[in-house]
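K.L.:
What follows is my_file28.pdb, PDB, C-alpha atoms.
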ATOM      1  CA  MET A 198     -78.445 -33.145  79.627
ATOM      2  CA  THR A 199     -76.622 -30.108  78.269
ATOM      3  CA  ASP A 200     -73.308 -30.157  76.435
ATOM      4  CA  PRO A 201     -70.183 -29.294  78.447
ATOM      5  CA  LEU A 202     -68.956 -25.739  78.055
ATOM      6  CA  THR A 203     -65.486 -24.599  77.019
ATOM      7  CA  LEU A 204     -64.396 -20.968  76.998
ATOM      8  CA  VAL A 205     -61.585 -20.081  74.600
ATOM      9  CA  ILE A 206     -59.553 -17.161  75.942
ATOM     10  CA  ALA A 207     -56.188 -15.469  75.436
ATOM     11  CA  ASN A 208     -53.532 -14.103  77.818
ATOM     12  CA  LYS A 209     -54.944 -13.215  81.207
ATOM     13  CA  ASN A 210     -52.610 -10.253  81.532
ATOM     14  CA  TYR A 211     -53.897  -8.584  78.365
ATOM     15  CA  SER A 212     -57.241  -9.969  77.194
ATOM     16  CA  SER A 213     -59.971  -7.847  78.722
ATOM     17  CA  TRP A 214     -62.666  -9.342  76.493
ATOM     18  CA  SER A 215     -61.690 -12.857  77.619
ATOM     19  CA  LEU A 216     -61.886 -11.773  81.238
ATOM     20  CA  ARG A 217     -65.524 -10.722  81.124
ATOM     21  CA  PRO A 218     -67.297 -14.027  80.383
ATOM     22  CA  TRP A 219     -64.665 -15.915  82.408
ATOM     23  CA  LEU A 220     -65.594 -13.779  85.437
ATOM     24  CA  VAL A 221     -69.300 -14.337  84.918
ATOM     25  CA  MET A 222     -68.941 -18.086  84.654
ATOM     26  CA  THR A 223     -66.480 -18.379  87.534
ATOM     27  CA  GLU A 224     -68.190 -16.008  89.962
ATOM     28  CA  LEU A 225     -71.664 -17.423  89.266
ATOM     29  CA  GLY A 226     -70.586 -21.050  89.462
ATOM     30  CA  ILE A 227     -71.187 -22.049  85.833
ATOM     31  CA  GLU A 228     -69.041 -25.122  85.147
ATOM     32  CA  PHE A 229     -66.713 -24.854  82.157
ATOM     33  CA  SER A 230     -63.326 -25.828  80.822
ATOM     34  CA  GLU A 231     -60.784 -23.214  79.817
ATOM     35  CA  ARG A 232     -58.840 -23.318  76.563
ATOM     36  CA  MET A 233     -56.162 -20.634  76.413
ATOM     37  CA  VAL A 234     -54.663 -19.626  73.076
ATOM     38  CA  LYS A 235     -51.952 -17.064  73.718
ATOM     39  CA  PHE A 236     -51.396 -14.116  71.421
ATOM     40  CA  ASP A 237     -48.417 -14.276  69.036
ATOM     41  CA  SER A 238     -47.862 -17.989  69.706
ATOM     42  CA  ASP A 239     -47.560 -21.089  67.542
ATOM     43  CA  ASP A 240     -50.708 -22.350  69.245
ATOM     44  CA  TRP A 241     -52.577 -19.266  68.023
ATOM     45  CA  GLU A 242     -51.288 -19.589  64.468
ATOM     46  CA  GLN A 243     -52.074 -23.291  64.272
ATOM     47  CA  ASN A 244     -55.409 -23.478  66.092
ATOM     48  CA  ILE A 245     -57.282 -20.168  66.225
ATOM     49  CA  ALA A 246     -59.047 -20.796  62.909
ATOM     50  CA  GLN A 247     -60.529 -24.029  64.258
ATOM     51  CA  LEU A 248     -61.273 -22.660  67.727
ATOM     52  CA  SER A 249     -62.828 -19.330  66.703
ATOM     53  CA  PRO A 250     -65.117 -18.626  63.736
ATOM     54  CA  SER A 251     -64.222 -14.928  64.079
ATOM     55  CA  ARG A 252     -60.489 -15.610  64.613
ATOM     56  CA  LEU A 253     -60.865 -13.612  67.842
ATOM     57  CA  VAL A 254     -61.411 -14.445  71.502
ATOM     58  CA  PRO A 255     -63.402 -15.173  73.575
ATOM     59  CA  VAL A 256     -65.492 -18.023  72.176
ATOM     60  CA  LEU A 257     -67.951 -20.193  74.081
ATOM     61  CA  TRP A 258     -68.224 -23.767  72.825
ATOM     62  CA  GLU A 259     -71.058 -26.126  73.702
ATOM     63  CA  GLY A 260     -69.621 -29.562  73.119
ATOM     64  CA  GLU A 261     -66.205 -30.241  71.641
ATOM     65  CA  PRO A 262     -64.274 -27.055  70.728
ATOM     66  CA  GLY A 263     -63.990 -26.868  66.984
ATOM     67  CA  SER A 264     -66.910 -29.194  66.281
ATOM     68  CA  GLY A 265     -69.630 -28.239  68.769
ATOM     69  CA  PHE A 266     -71.730 -25.068  68.784
ATOM     70  CA  ALA A 267     -69.819 -21.783  69.027
ATOM     71  CA  THR A 268     -70.929 -18.393  70.322
ATOM     72  CA  PHE A 269     -68.477 -15.546  69.835
ATOM     73  CA  ASP A 270     -68.273 -11.895  70.909
ATOM     74  CA  THR A 271     -68.519 -11.144  74.597
ATOM     75  CA  ILE A 272     -72.067  -9.770  74.638
ATOM     76  CA  ALA A 273     -73.369 -12.692  72.589
ATOM     77  CA  ILE A 274     -71.690 -15.085  75.023
ATOM     78  CA  LEU A 275     -73.376 -13.391  77.981
ATOM     79  CA  GLU A 276     -76.757 -13.705  76.285
ATOM     80  CA  ARG A 277     -76.150 -17.346  75.435
ATOM     81  CA  LEU A 278     -75.204 -18.096  79.041
ATOM     82  CA  HIS A 279     -78.400 -16.364  80.153
ATOM     83  CA  GLU A 280     -80.371 -18.705  77.882
ATOM     84  CA  ILE A 281     -78.684 -22.011  78.722
ATOM     85  CA  ARG A 282     -77.956 -21.389  82.418
ATOM     86  CA  PRO A 283     -80.940 -19.316  83.624
ATOM     87  CA  GLU A 284     -80.465 -20.494  87.194
ATOM     88  CA  ALA A 285     -77.103 -18.673  87.349
ATOM     89  CA  LYS A 286     -78.768 -15.243  86.989
ATOM     90  CA  VAL A 287     -76.275 -13.810  84.510
ATOM     91  CA  TRP A 288     -78.585 -10.782  84.249
ATOM     92  CA  PRO A 289     -80.778  -9.408  87.052
ATOM     93  CA  SER A 290     -84.182 -11.061  87.364
ATOM     94  CA  ASP A 291     -86.025  -7.733  87.679
ATOM     95  CA  PRO A 292     -86.938  -6.523  84.148
ATOM     96  CA  GLN A 293     -85.945  -2.900  84.685
ATOM     97  CA  LYS A 294     -82.659  -3.836  86.306
ATOM     98  CA  ARG A 295     -81.991  -6.279  83.484
ATOM     99  CA  SER A 296     -82.699  -3.638  80.847
ATOM    100  CA  ARG A 297     -80.439  -1.100  82.530
ATOM    101  CA  ALA A 298     -77.671  -3.673  82.960
ATOM    102  CA  ARG A 299     -77.802  -4.480  79.263
ATOM    103  CA  SER A 300     -77.788  -0.781  78.429
ATOM    104  CA  LEU A 301     -74.613  -0.221  80.452
ATOM    105  CA  VAL A 302     -72.868  -3.158  78.818
ATOM    106  CA  ALA A 303     -73.845  -2.126  75.285
ATOM    107  CA  ASN A 304     -72.887   1.482  75.975
ATOM    108  CA  PHE A 305     -69.390   0.516  77.045
ATOM    109  CA  HIS A 306     -69.023  -2.085  74.290
ATOM    110  CA  SER A 307     -69.577   0.568  71.613
ATOM    111  CA  GLY A 308     -68.086   3.605  73.372
ATOM    112  CA  TYR A 309     -65.331   4.919  75.642
ATOM    113  CA  LEU A 310     -62.906   4.516  72.769
ATOM    114  CA  SER A 311     -60.340   6.995  74.100
ATOM    115  CA  LEU A 312     -60.130   5.270  77.494
ATOM    116  CA  ARG A 313     -59.940   1.797  75.984
ATOM    117  CA  ALA A 314     -57.250   2.719  73.466
ATOM    118  CA  ALA A 315     -55.071   4.848  75.751
ATOM    119  CA  MET A 316     -55.220   2.532  78.771
ATOM    120  CA  PRO A 317     -55.157  -1.102  77.555
ATOM    121  CA  MET A 318     -55.514  -3.767  80.215
ATOM    122  CA  ASN A 319     -52.144  -4.833  81.558
ATOM    123  CA  ILE A 320     -52.534  -6.355  85.001
ATOM    124  CA  ARG A 321     -48.883  -7.006  85.832
ATOM    125  CA  SER A 322     -47.540  -3.552  84.850
ATOM    126  CA  ARG A 323     -47.723  -0.077  86.345
ATOM    127  CA  TYR A 324     -47.686   3.066  84.201
ATOM    128  CA  PRO A 325     -48.662   5.992  86.447
ATOM    129  CA  GLY A 326     -50.223   8.816  84.477
ATOM    130  CA  LYS A 327     -49.777   7.189  81.079
ATOM    131  CA  GLY A 328     -52.682   7.481  78.677
ATOM    132  CA  MET A 329     -54.374  10.368  80.454
ATOM    133  CA  SER A 330     -55.771  13.137  78.272
ATOM    134  CA  PRO A 331     -58.768  15.481  78.466
ATOM    135  CA  GLU A 332     -60.772  13.009  76.389
ATOM    136  CA  VAL A 333     -59.843  10.063  78.609
ATOM    137  CA  ALA A 334     -60.496  12.058  81.777
ATOM    138  CA  GLY A 335     -63.929  12.992  80.476
ATOM    139  CA  GLU A 336     -64.814   9.386  79.729
ATOM    140  CA  ILE A 337     -63.642   8.283  83.183
ATOM    141  CA  GLU A 338     -65.785  10.979  84.782
ATOM    142  CA  ARG A 339     -68.865   9.912  82.801
ATOM    143  CA  LEU A 340     -68.282   6.259  83.616
ATOM    144  CA  CYS A 341     -67.947   6.932  87.333
ATOM    145  CA  GLU A 342     -71.129   9.003  87.247
ATOM    146  CA  LEU A 343     -72.940   6.061  85.648
ATOM    147  CA  TRP A 344     -71.622   3.667  88.276
ATOM    148  CA  VAL A 345     -72.769   5.884  91.126
ATOM    149  CA  SER A 346     -76.166   6.788  89.674
ATOM    150  CA  THR A 347     -76.886   3.143  88.827
ATOM    151  CA  ARG A 348     -76.037   2.022  92.330
ATOM    152  CA  HIS A 349     -78.235   4.729  93.862
ATOM    153  CA  GLU A 350     -81.191   3.655  91.738
ATOM    154  CA  PHE A 351     -80.793  -0.118  91.618
ATOM    155  CA  ALA A 352     -78.314  -1.528  94.164
ATOM    156  CA  ASP A 353     -80.853  -1.844  97.001
ATOM    157  CA  GLY A 354     -78.054  -1.810  99.558
ATOM    158  CA  GLY A 355     -75.947  -4.464  97.823
ATOM    159  CA  GLU A 356     -72.295  -4.099  96.879
ATOM    160  CA  PHE A 357     -72.693  -4.345  93.117
ATOM    161  CA  LEU A 358     -74.416  -2.193  90.515
ATOM    162  CA  PHE A 359     -77.716  -4.044  90.858
ATOM    163  CA  GLY A 360     -77.219  -5.433  94.334
ATOM    164  CA  GLU A 361     -75.967  -8.896  93.427
ATOM    165  CA  PHE A 362     -73.122  -9.661  91.022
ATOM    166  CA  CYS A 363     -74.189  -9.894  87.386
ATOM    167  CA  ALA A 364     -72.781  -9.562  83.871
ATOM    168  CA  ALA A 365     -72.668  -5.773  84.082
ATOM    169  CA  ASP A 366     -70.239  -5.949  87.006
ATOM    170  CA  ALA A 367     -68.030  -8.395  85.119
ATOM    171  CA  PHE A 368     -68.000  -6.035  82.173
ATOM    172  CA  PHE A 369     -66.446  -3.274  84.251
ATOM    173  CA  ALA A 370     -63.860  -5.390  86.082
ATOM    174  CA  PRO A 371     -61.196  -4.843  83.373
ATOM    175  CA  VAL A 372     -61.789  -1.100  83.712
ATOM    176  CA  ALA A 373     -61.272  -1.290  87.464
ATOM    177  CA  SER A 374     -57.989  -3.070  86.735
ATOM    178  CA  ARG A 375     -56.922  -0.382  84.275
ATOM    179  CA  PHE A 376     -57.331   2.260  86.962
ATOM    180  CA  VAL A 377     -54.776   0.374  89.069
ATOM    181  CA  THR A 378     -52.304  -0.009  86.198
ATOM    182  CA  TYR A 379     -52.359   3.689  85.292
ATOM    183  CA  GLU A 380     -52.932   4.906  88.872
ATOM    184  CA  VAL A 381     -56.204   6.658  88.161
ATOM    185  CA  ASN A 382     -57.418   7.704  91.588
ATOM    186  CA  LEU A 383     -61.181   7.512  91.957
ATOM    187  CA  GLU A 384     -63.158   9.022  94.790
ATOM    188  CA  GLY A 385     -66.097   8.171  96.996
ATOM    189  CA  GLU A 386     -68.605   5.594  95.868
ATOM    190  CA  ALA A 387     -66.864   4.999  92.534
ATOM    191  CA  LYS A 388     -63.682   4.050  94.389
ATOM    192  CA  GLN A 389     -65.636   1.757  96.701
ATOM    193  CA  TYR A 390     -67.215   0.022  93.717
ATOM    194  CA  GLN A 391     -63.801  -0.376  92.065
ATOM    195  CA  HIS A 392     -62.571  -2.052  95.260
ATOM    196  CA  VAL A 393     -65.565  -4.424  95.253
ATOM    197  CA  LEU A 394     -64.888  -5.465  91.644
ATOM    198  CA  LEU A 395     -61.206  -6.127  92.248
ATOM    199  CA  ASN A 396     -61.935  -8.218  95.322
ATOM    200  CA  THR A 397     -64.414 -10.730  93.973
ATOM    201  CA  ASP A 398     -63.073 -14.254  94.278
ATOM    202  CA  ALA A 399     -63.061 -14.666  90.509
ATOM    203  CA  MET A 400     -61.170 -11.444  89.815
ATOM    204  CA  LYS A 401     -58.559 -12.264  92.445
ATOM    205  CA  ALA A 402     -58.047 -15.711  90.901
ATOM    206  CA  TRP A 403     -57.661 -14.261  87.392
ATOM    207  CA  THR A 404     -55.233 -11.625  88.674
ATOM    208  CA  VAL A 405     -52.976 -14.204  90.314
ATOM    209  CA  GLU A 406     -52.696 -16.089  87.038
ATOM    210  CA  ALA A 407     -52.175 -12.896  85.033
ATOM    211  CA  LEU A 408     -49.299 -11.880  87.298
ATOM    212  CA  ASN A 409     -47.624 -15.233  86.675
ATOM    213  CA  GLU A 410     -47.637 -14.836  82.895
ATOM    214  CA  THR A 411     -44.305 -13.912  81.330
ATOM    215  CA  GLU A 412     -45.224 -13.383  77.672
ATOM    216  CA  PHE A 413     -44.580  -9.938  76.261
ATOM    217  CA  VAL A 414     -46.955  -8.957  73.456
ATOM    218  CA  GLN A 415     -45.572  -5.874  71.754
ATOM    219  CA  MET A 416     -48.881  -4.639  70.345
ATOM    220  CA  ASP A 417     -50.385  -4.632  73.837
ATOM    221  CA  GLU A 418     -47.476  -2.723  75.408
ATOM    222  CA  PRO A 419     -47.658   0.851  74.050
ATOM    223  CA  TYR A 420     -45.740   2.303  76.999
ATOM    224  CA  ALA A 421     -42.998  -0.314  77.222
ATOM    225  CA  ILE A 422     -41.678   0.277  73.696
ATOM    226  CA  ALA A 423     -41.205   3.724  72.203
ATOM    227  CA  GLY A 424     -43.646   4.274  69.402
ATOM    228  CA  GLY A 425     -45.535   1.078  70.150
ATOM    229  CA  ASN A 426     -49.204   0.712  69.394
ATOM    230  CA  SER A 427     -51.890  -1.122  71.320
ATOM    231  CA  SER A 428     -54.561  -3.443  70.000
ATOM    232  CA  SER A 429     -56.040  -4.332  73.403
ATOM    233  CA  THR A 430     -58.993  -1.966  73.285
ATOM    234  CA  GLY A 431     -61.607  -3.806  75.328
TER
END
Would you write the structure of this file as structure tokens?
P.N.:
Amino acid sequence: MTDPLTLVIANKNYSSWSLRPWLVMTELGIEFSERMVKFDSDDWEQNIAQLSPSRLVPVLWEGEPGSGFATFDTIAILERLHEIRPEAKVWPSDPQKRSRARSLVANFHSGYLSLRAAMPMNIRSRYPGKGMSPEVAGEIERLCELWVSTRHEFADGGEFLFGEFCAADAFFAPVASRFVTYEVNLEGEAKQYQHVLLNTDAMKAWTVEALNETEFVQMDEPYAIAGGNSSSTG
């Protein structure tokens, strides 16, 4: 019998890194409890050190949060889920698909810095045109090209990048949300894929809860306060 799982996350409106493993676990039917620690809160100040070895979110706990076994960083969490819940098919079962899926995730995790910094995830807000620059536009173009080329090579007629939903799709869901917030208009197959991501059951559930949040985190609102800076770069 395996230990129960708890995922420590932060605000659903802002925390793109929290969203990714939450989507994987929810969409693929992996049972877990959710422990939210909101940014800039007393809960964060009092408990984040116990709940997160890295003092960041997300964190996956096997057993009691704070005393069980912790895996932190989104990619590490995805790999741990792949190991302990193989039946969920976090990654594609085909070796080449699995390798490409991991490549896409790692590539985004370490890159696209202009897009991530200029267009932080903010589900409940709308900032048309904000954050756009030649650098950001170039990264969006390259990302859309990757989406389309991956689907042509690996989707086998399915809706997602590799046919069925997997961790790679969850990784790009926060990006699909960003394109709504900043009204980035995609075209063709990239737009269709964005629509698919936003309309998974898990993403719709997360979005409803994000829209109901009322907290305002200044560091994650660069366009609501003059001169503000953003730390939400996932």
K.L.:
Any idea what's packed within 10 Å of region 348-358 of chain A, counting only C-alpha atoms, ignoring anything in its chain fewer than 4 positions away? Could you give it as a PyMOL selection string?
P.N.:
chain A and resi 293-294+297-298+342-344+362-363+365-366+386-387+389-391+393-394
K.L.:
What is the CA of Val254 (chain A) to CA of Ser212 (chain A) distance in Å?
P.N.:
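Distance reported for this atom pair: 8.4 Å.
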K.L.:
Near Arg277 (chain A), within 12 Å and counting only C-alpha atoms, which residues show up once chain neighbours fewer than 4 positions away are dropped, as a list in words?
P.N.:
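Returned residues: Leu202, Pro218, Met222, Val256, Leu257, Trp258, Glu259, Phe266, Ala267, Thr268, Phe269, Asp270, Thr271, Ile272, Ala273, Ile281, Arg282, Pro283, Val287, Trp288 and Ala364 of chain A.
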K.L.:
Identify the residues around (-64.7, -32.3, 73.3) within a radius of 12 Å, measuring from all atoms listed in the file in the coordinates stated by the file, and give them as a count of residues only.
P.N.:
19
K.L.:
Restricting the calculation to all atoms listed in the file, which member of A:Glu410, A:Glu338, A:Asp237, A:Glu242 is positioned closest to Arg321 (chain A)?
P.N.:
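Checking each of A:Glu410, A:Glu338, A:Asp237, A:Glu242 against Arg321 (chain A), counting all atoms listed in the file, the winner is A:Glu410.
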K.L.:
On this structure, the PyMOL selection byres ((chain A and resi 333) around 12) would catch which residues? List them as JSON, numbers by chain, sorted by chain and number.
P.N.:
{"A": [308, 309, 310, 311, 312, 313, 314, 315, 316, 326, 327, 328, 329, 330, 331, 332, 334, 335, 336, 337, 338, 339, 340, 376, 379, 381]}
K.L.:
If we count only C-alpha atoms and set the cut-off at 10 Å, which residues sit around Ile245 (chain A), ignoring sequence neighbours fewer than 6 positions away in its own chain? Please answer as a PyMOL selection string.
P.N.:
chain A and resi 205+234-236+239+251-254+263
K.L.:
Name the residues that the PyMOL selection byres ((chain A and resi 220) around 9) picks from the file above, as a PyMOL selection string, using the file's chain letters and numbers.
P.N.:
chain A and resi 215-219+221-225+364+367-368+370+399-400+403
K.L.:
Using only C-alpha atoms, which protein or nucleic acid residues come within 8 Å of Arg375 (chain A)? Drop anything in the same chain fewer than 3 positions from it, and give the result as a count of residues only.
P.N.:
9
K.L.:
How many Å lie between CA of Trp241 (chain A) and CA of Glu406 (chain A), rounded to one decimal?
P.N.:
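Distance reported for this atom pair: 19.3 Å.
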K.L.:
For a test of reading the model, state the distance in Å between CA of Arg323 (chain A) and CA of Tyr420 (chain A), rounded to one decimal.
P.N.:
9.8 Å
K.L.:
Could you tell me which of A:Thr199, A:Gly360, A:Phe305, A:Ser249 comes closest to Ser290 (chain A) if we count all atoms listed in the file?
P.N.:
A:Gly360
K.L.:
Which is closest to Ser238 (chain A) among A:Phe413, A:Tyr324, A:Trp214, A:Phe369, if we use all atoms listed in the file?
P.N.:
A:Phe413
